[in-house]
$ cat entry-v3.txt   # compact mmCIF, C-alpha atoms and all ligand atoms
# COMPACT_ATOMS: atom_id res chain seq x y z
CA MET A 1 90.84 122.30 68.65
CA SER A 2 94.13 120.51 67.85
CA ALA A 3 94.33 116.81 67.01
CA ASP A 4 96.10 116.26 70.35
CA SER A 5 93.43 117.87 72.49
CA LYS A 6 90.77 115.78 70.67
CA THR A 7 92.37 112.54 71.80
CA GLU A 8 93.72 113.59 75.21
CA ARG A 9 92.26 111.86 78.26
CA THR A 10 90.01 114.01 80.41
CA VAL A 11 90.19 114.21 84.19
CA SER A 12 88.33 116.07 86.90
CA PHE A 13 89.22 119.60 87.84
CA GLY A 14 86.83 119.99 90.76
CA PHE A 15 83.40 119.26 89.29
CA GLU A 16 84.53 120.03 85.72
CA GLU A 17 86.00 117.56 83.21
CA VAL A 18 89.08 118.97 81.51
CA THR A 19 92.06 117.61 79.56
CA GLU A 20 95.13 116.61 81.58
CA THR A 21 97.06 119.53 80.08
CA GLU A 22 94.36 121.96 81.13
CA LYS A 23 94.26 120.52 84.66
CA VAL A 24 98.02 121.00 85.09
CA ALA A 25 97.73 124.63 83.92
CA ARG A 26 94.70 125.40 86.10
CA VAL A 27 96.20 123.75 89.20
CA LYS A 28 99.30 125.91 88.69
CA GLY A 29 97.04 128.96 88.51
CA VAL A 30 95.24 128.02 91.73
CA PHE A 31 98.41 127.71 93.77
CA ARG A 32 100.11 130.72 92.19
CA SER A 33 97.08 132.74 93.25
CA VAL A 34 96.97 131.55 96.88
CA ALA A 35 100.72 131.06 97.55
CA SER A 36 101.32 134.13 99.74
CA ARG A 37 98.30 133.40 101.96
CA TYR A 38 98.50 129.61 101.77
CA ASP A 39 99.84 128.87 105.28
CA LEU A 40 97.48 131.35 106.94
CA MET A 41 94.46 129.95 105.09
CA ASN A 42 95.33 126.40 106.18
CA ASP A 43 95.35 127.50 109.80
CA LEU A 44 92.07 129.37 109.46
CA MET A 45 90.18 126.69 107.52
CA SER A 46 91.13 123.86 109.85
CA ALA A 47 91.50 125.89 113.07
CA GLY A 48 95.10 124.66 113.15
CA VAL A 49 94.09 120.99 113.17
CA HIS A 50 96.03 120.27 109.94
CA ARG A 51 99.18 120.59 112.08
CA LEU A 52 98.06 117.66 114.26
CA TRP A 53 97.34 115.52 111.18
CA LYS A 54 100.77 116.35 109.76
CA HIS A 55 102.44 115.67 113.11
CA ASP A 56 100.89 112.21 113.34
CA ALA A 57 101.74 111.50 109.70
CA MET A 58 105.40 112.33 110.32
CA ASN A 59 105.42 110.21 113.48
CA GLN A 60 104.36 107.29 111.32
CA VAL A 61 107.12 108.09 108.79
CA ASN A 62 109.53 107.98 111.77
CA PRO A 63 112.43 110.02 110.31
CA GLN A 64 115.93 108.78 111.11
CA PRO A 65 119.38 110.41 111.05
CA GLY A 66 121.16 110.28 107.71
CA GLU A 67 117.99 109.59 105.71
CA ARG A 68 117.03 111.27 102.42
CA HIS A 69 113.49 112.63 102.29
CA LEU A 70 111.52 113.85 99.29
CA ASP A 71 108.40 115.91 99.94
CA VAL A 72 106.44 115.89 96.68
CA ALA A 73 103.98 118.74 96.08
CA GLY A 74 105.71 120.06 99.17
CA GLY A 75 104.55 123.67 98.74
CA THR A 76 105.95 125.78 101.55
CA GLY A 77 107.97 122.88 102.97
CA GLU A 78 106.21 122.14 106.23
CA LEU A 79 106.69 118.36 106.06
CA ALA A 80 110.33 118.63 105.01
CA ARG A 81 111.11 120.84 108.02
CA ALA A 82 109.23 118.39 110.28
CA PHE A 83 111.20 115.47 108.80
CA LEU A 84 114.57 117.13 109.50
CA THR A 85 113.56 118.19 113.01
CA MET A 86 112.37 114.70 113.93
CA ALA A 87 115.41 113.01 112.36
CA ASP A 88 117.70 115.32 114.39
CA LYS A 89 115.83 114.43 117.59
CA ALA A 90 116.10 110.71 116.82
CA GLY A 91 119.83 111.18 116.15
CA LYS A 92 120.33 112.94 119.48
CA ARG A 93 118.44 110.24 121.37
CA ARG A 94 120.55 107.52 119.75
CA GLY A 95 123.85 109.43 119.79
CA ILE A 96 124.13 109.44 115.96
CA ASP A 97 125.52 112.59 114.35
CA ARG A 98 124.44 112.00 110.74
CA PRO A 99 122.22 114.81 109.42
CA ALA A 100 119.20 113.87 107.33
CA THR A 101 118.50 115.79 104.11
CA ALA A 102 115.23 116.83 102.51
CA ILE A 103 114.03 118.10 99.15
CA VAL A 104 110.81 120.06 98.72
CA CYS A 105 109.62 119.38 95.18
CA ASP A 106 106.69 121.32 93.76
CA ILE A 107 105.42 122.17 90.30
CA ASN A 108 104.74 125.74 91.35
CA ASP A 109 107.61 128.19 91.86
CA ALA A 110 105.35 130.64 93.73
CA MET A 111 104.66 128.06 96.47
CA LEU A 112 108.37 127.24 96.71
CA GLU A 113 109.26 130.93 96.95
CA ALA A 114 106.75 131.40 99.79
CA GLY A 115 108.37 128.43 101.58
CA LYS A 116 111.95 129.59 100.98
CA ALA A 117 111.12 132.96 102.57
CA ARG A 118 110.37 131.38 105.94
CA ALA A 119 112.83 132.29 108.68
CA ASP A 120 112.81 128.81 110.25
CA ASN A 121 114.70 127.36 107.24
CA GLU A 122 117.93 128.77 108.68
CA LYS A 123 118.50 125.90 111.05
CA PHE A 124 118.52 123.49 108.10
CA ALA A 125 121.06 125.36 105.96
CA GLY A 126 122.76 123.08 103.44
CA ARG A 127 120.35 120.17 103.83
CA LEU A 128 116.98 121.53 102.74
CA ASP A 129 116.66 121.90 99.00
CA TRP A 130 113.85 123.38 96.84
CA VAL A 131 113.18 121.98 93.38
CA CYS A 132 110.54 123.02 90.87
CA ALA A 133 109.41 119.77 89.21
CA ASP A 134 106.36 117.70 88.38
CA GLY A 135 105.64 114.87 90.83
CA GLN A 136 104.48 112.75 87.90
CA ASN A 137 107.92 112.92 86.31
CA LEU A 138 110.53 113.21 89.04
CA PRO A 139 114.07 114.32 88.13
CA TYR A 140 115.74 111.69 90.35
CA PRO A 141 117.34 108.31 89.72
CA ASP A 142 115.72 105.06 90.86
CA ARG A 143 116.07 104.15 94.55
CA SER A 144 117.20 107.60 95.72
CA PHE A 145 115.10 108.22 98.86
CA ASP A 146 114.29 106.58 102.19
CA ALA A 147 110.95 108.35 102.51
CA VAL A 148 108.57 110.13 100.16
CA THR A 149 105.71 112.20 101.53
CA VAL A 150 102.86 114.03 99.84
CA SER A 151 100.45 116.14 101.84
CA PHE A 152 97.33 117.59 100.25
CA GLY A 153 99.05 117.35 96.87
CA ILE A 154 98.09 114.17 95.04
CA ARG A 155 94.46 115.26 94.67
CA ASN A 156 95.77 117.87 92.25
CA PHE A 157 97.68 115.46 90.00
CA ALA A 158 96.34 115.03 86.48
CA ASP A 159 97.61 111.42 86.45
CA ARG A 160 97.66 109.91 89.95
CA GLU A 161 98.83 106.52 88.68
CA ALA A 162 101.91 108.12 87.08
CA GLY A 163 102.64 109.86 90.37
CA LEU A 164 102.44 106.64 92.40
CA ARG A 165 104.68 104.90 89.86
CA GLU A 166 107.27 107.66 90.25
CA PHE A 167 107.17 107.53 94.09
CA ARG A 168 107.72 103.77 93.90
CA ARG A 169 110.60 104.21 91.44
CA VAL A 170 112.56 106.79 93.46
CA LEU A 171 112.13 105.00 96.79
CA LYS A 172 114.77 102.57 97.99
CA PRO A 173 113.52 99.04 98.72
CA GLY A 174 112.03 99.25 102.20
CA GLY A 175 111.39 102.99 101.77
CA ARG A 176 108.22 104.56 103.16
CA LEU A 177 105.49 106.41 101.30
CA ALA A 178 103.10 108.57 103.31
CA ILE A 179 100.24 110.34 101.55
CA LEU A 180 98.11 112.69 103.59
CA GLU A 181 95.02 113.90 101.76
CA PHE A 182 91.54 115.20 102.37
CA SER A 183 89.26 112.19 102.28
CA HIS A 184 85.72 111.02 102.95
CA MET A 185 83.74 111.28 106.19
CA THR A 186 83.44 108.08 108.17
CA VAL A 187 80.75 109.59 110.44
CA PRO A 188 77.62 109.97 108.26
CA ALA A 189 75.87 112.11 110.90
CA LEU A 190 78.46 114.87 110.37
CA GLN A 191 78.28 114.88 106.56
CA ALA A 192 75.62 117.61 106.23
CA ALA A 193 77.44 119.97 108.60
CA TYR A 194 80.74 119.30 106.81
CA ASP A 195 79.15 119.99 103.40
CA THR A 196 77.66 123.27 104.63
CA TYR A 197 81.00 124.36 106.03
CA SER A 198 82.90 123.30 102.90
CA PHE A 199 80.66 124.81 100.25
CA ASN A 200 79.58 127.95 102.10
CA VAL A 201 82.28 128.97 104.55
CA ILE A 202 85.54 127.95 102.82
CA PRO A 203 85.07 129.84 99.51
CA ARG A 204 83.99 132.95 101.46
CA LEU A 205 87.03 132.67 103.71
CA GLY A 206 89.17 132.27 100.56
CA SER A 207 87.67 135.42 99.14
CA LEU A 208 88.18 137.38 102.35
CA VAL A 209 91.73 136.26 103.23
CA ALA A 210 93.32 135.30 99.90
CA GLY A 211 91.11 137.42 97.63
CA ASP A 212 90.21 134.26 95.71
CA ALA A 213 86.94 132.36 96.23
CA GLU A 214 87.32 130.32 93.04
CA SER A 215 90.49 128.53 94.12
CA TYR A 216 88.85 127.50 97.38
CA GLN A 217 85.73 126.38 95.51
CA TYR A 218 88.11 124.15 93.49
CA LEU A 219 89.56 122.86 96.78
CA VAL A 220 86.21 121.65 98.13
CA GLU A 221 85.10 120.19 94.81
CA SER A 222 88.39 118.35 94.27
CA ILE A 223 88.07 116.77 97.72
CA ARG A 224 84.68 115.31 96.75
CA LYS A 225 86.19 113.88 93.54
CA PHE A 226 89.12 112.18 95.30
CA PRO A 227 88.69 108.39 95.72
CA THR A 228 87.55 106.88 99.00
CA GLN A 229 90.10 105.59 101.51
CA ASP A 230 89.57 102.01 100.30
CA ILE A 231 89.94 102.75 96.61
CA PHE A 232 93.06 104.84 97.13
CA ARG A 233 94.57 102.10 99.30
CA LYS A 234 94.07 99.69 96.39
CA GLU A 235 95.67 102.18 93.97
CA MET A 236 98.77 102.24 96.20
CA GLU A 237 98.85 98.46 96.35
CA THR A 238 98.53 98.23 92.55
CA ALA A 239 101.46 100.65 92.24
CA GLY A 240 103.60 98.19 94.22
CA PHE A 241 103.33 99.31 97.84
CA SER A 242 102.92 96.70 100.53
CA ARG A 243 101.24 96.65 103.94
CA VAL A 244 99.30 99.80 103.07
CA ARG A 245 97.43 101.10 106.09
CA VAL A 246 94.96 103.95 106.46
CA THR A 247 94.64 106.34 109.39
CA ASN A 248 91.52 108.52 109.39
CA TYR A 249 91.75 111.95 111.01
CA SER A 250 88.82 114.01 112.32
CA GLY A 251 86.20 111.49 111.21
CA GLY A 252 87.75 111.03 107.75
CA ILE A 253 88.06 114.72 106.83
CA ALA A 254 91.65 113.75 106.13
CA ALA A 255 93.35 110.36 105.87
CA LEU A 256 96.92 109.12 105.84
CA HIS A 257 97.81 106.26 103.49
CA PHE A 258 101.11 104.71 104.51
CA GLY A 259 102.90 101.95 102.62
CA TRP A 260 106.27 100.33 102.05
CA ALA A 261 108.20 100.08 98.79
CA VAL A 262 109.27 96.49 98.18
N1 LIG B 301 102.27 119.86 100.84
C1 LIG B 301 101.97 121.22 101.18
C2 LIG B 301 101.15 121.28 102.44
O1 LIG B 301 100.68 120.25 102.90
O2 LIG B 301 101.00 122.36 102.99
C3 LIG B 301 101.28 121.96 100.04
C4 LIG B 301 99.96 121.40 99.65
S1 LIG B 301 99.08 122.38 98.47
C5 LIG B 301 97.42 122.09 98.90
C6 LIG B 301 99.22 121.42 97.00
C7 LIG B 301 100.55 121.59 96.29
O3 LIG B 301 100.64 120.62 95.25
C8 LIG B 301 100.73 122.95 95.62
O4 LIG B 301 101.88 123.56 96.11
C9 LIG B 301 100.85 122.61 94.13
O5 LIG B 301 101.67 123.48 93.41
C10 LIG B 301 101.40 121.19 94.20
N2 LIG B 301 101.21 120.38 93.00
C11 LIG B 301 100.06 120.19 92.31
N3 LIG B 301 100.26 119.34 91.29
C12 LIG B 301 101.58 118.99 91.34
C13 LIG B 301 102.40 118.13 90.56
N4 LIG B 301 101.92 117.48 89.50
N5 LIG B 301 103.69 117.98 90.91
C14 LIG B 301 104.20 118.66 91.98
N6 LIG B 301 103.47 119.49 92.75
C15 LIG B 301 102.19 119.64 92.43

$ encode --input "entry-v3.txt" --output "structure tokens"
Amino acid sequence: MSADSKTERTVSFGFEEVTETEKVARVKGVFRSVASRYDLMNDLMSAGVHRLWKHDAMNQVNPQPGERHLDVAGGTGELARAFLTMADKAGKRRGIDRPATAIVCDINDAMLEAGKARADNEKFAGRLDWVCADGQNLPYPDRSFDAVTVSFGIRNFADREAGLREFRRVLKPGGRLAILEFSHMTVPALQAAYDTYSFNVIPRLGSLVAGDAESYQYLVESIRKFPTQDIFRKEMETAGFSRVRVTNYSGGIAALHFGWAV
């Protein structure tokens, strides 16, 4: 063991405790392994409901013509495409011809490649960019973006606080941060059924469809380790976001945390 790894902080990787460096490497491995089946698995696991959560999240972000959007841990780019589509619609409604732009930023090139291969990117030629970078150390100047979004990504960060600090730094004053993440059930009566589904069905589905049960076991464990809605709201406030509000979806299976950079 090196002197560095002796002193390095440990964090959760699912139910295991690992060093931050190891978490980054293992998270990369998880998403490299599932990249080609990622979109299909999302639809299967949630019976398509993740699309409704994302749709509501983007309604709250309220994209506008001419805005710059950064989708951190953006994977295959679903939120970035939604941002551009909604900004275009808003522009049409208001008679403003100023195209919005979006960047999908992800630490994993395999997820970005799966996103870039999608045919529906064509309509956004020249204003949808793909960048391989760590959300905890963003390669952008201060006050660069009107909106930052993260969906189902921050749970995988080795240092969540560093991530929130970076989102705050790159947002313009008055910019919006929307973080959609799996969360904690608000309906106790459904907890047992949800646990059975999570720990028994999801890893099997992962094995069957993506040939990888382990990555989906990590998924369900990492959800349990993510802070509650209230604690995460406080983390956002501590990072400098104001008027942070929480929207629970499907009884708290997922939650949106929305706040303003001041
Ligand atoms: N946002 C997409 C969505 O909602 O479909 C993808 C979500 S996927 C569950 C999580 C993504 O987070 C993966 O693509 C992974 O590579 C990315 N990721 C994990 N840690 C990251 C980090 N530190 N910086 C940037 N991306 C990261």

$ atom_distance --input "entry-v3.txt" --atom1 "atom CA of A:Gly252" --atom2 "atom CA of A:Gly153"
16.9 Å

$ axis_aligned_box --input "entry-v3.txt" --around "ligand LIG 301 (chain B)" --padding-each-side "8 Å" --output "JSON"
{"center_x": 100.8, "center_y": 120.5, "center_z": 96.2, "size_x": 22.8, "size_y": 22.1, "size_z": 29.5}

$ atom_distance --input "entry-v3.txt" --atom1 "atom CA of A:Val187" --atom2 "atom CA of A:Gly251"
5.8 Å

$ atom_distance --input "entry-v3.txt" --atom1 "atom CA of A:His69" --atom2 "atom CA of A:Glu237"
21.2 Å

$ closest_residue --input "entry-v3.txt" --among "A:Ala133, A:Ala114, A:Ile154, A:Leu44" --to "A:Gly77" --atoms "all atoms listed in the file"
A:Ala114

$ closest_residue --input "entry-v3.txt" --among "A:Val262, A:Ile96, A:Ala162, A:Val18" --to "ligand LIG 301 (chain B)" --atoms "all atoms listed in the file"
A:Ala162
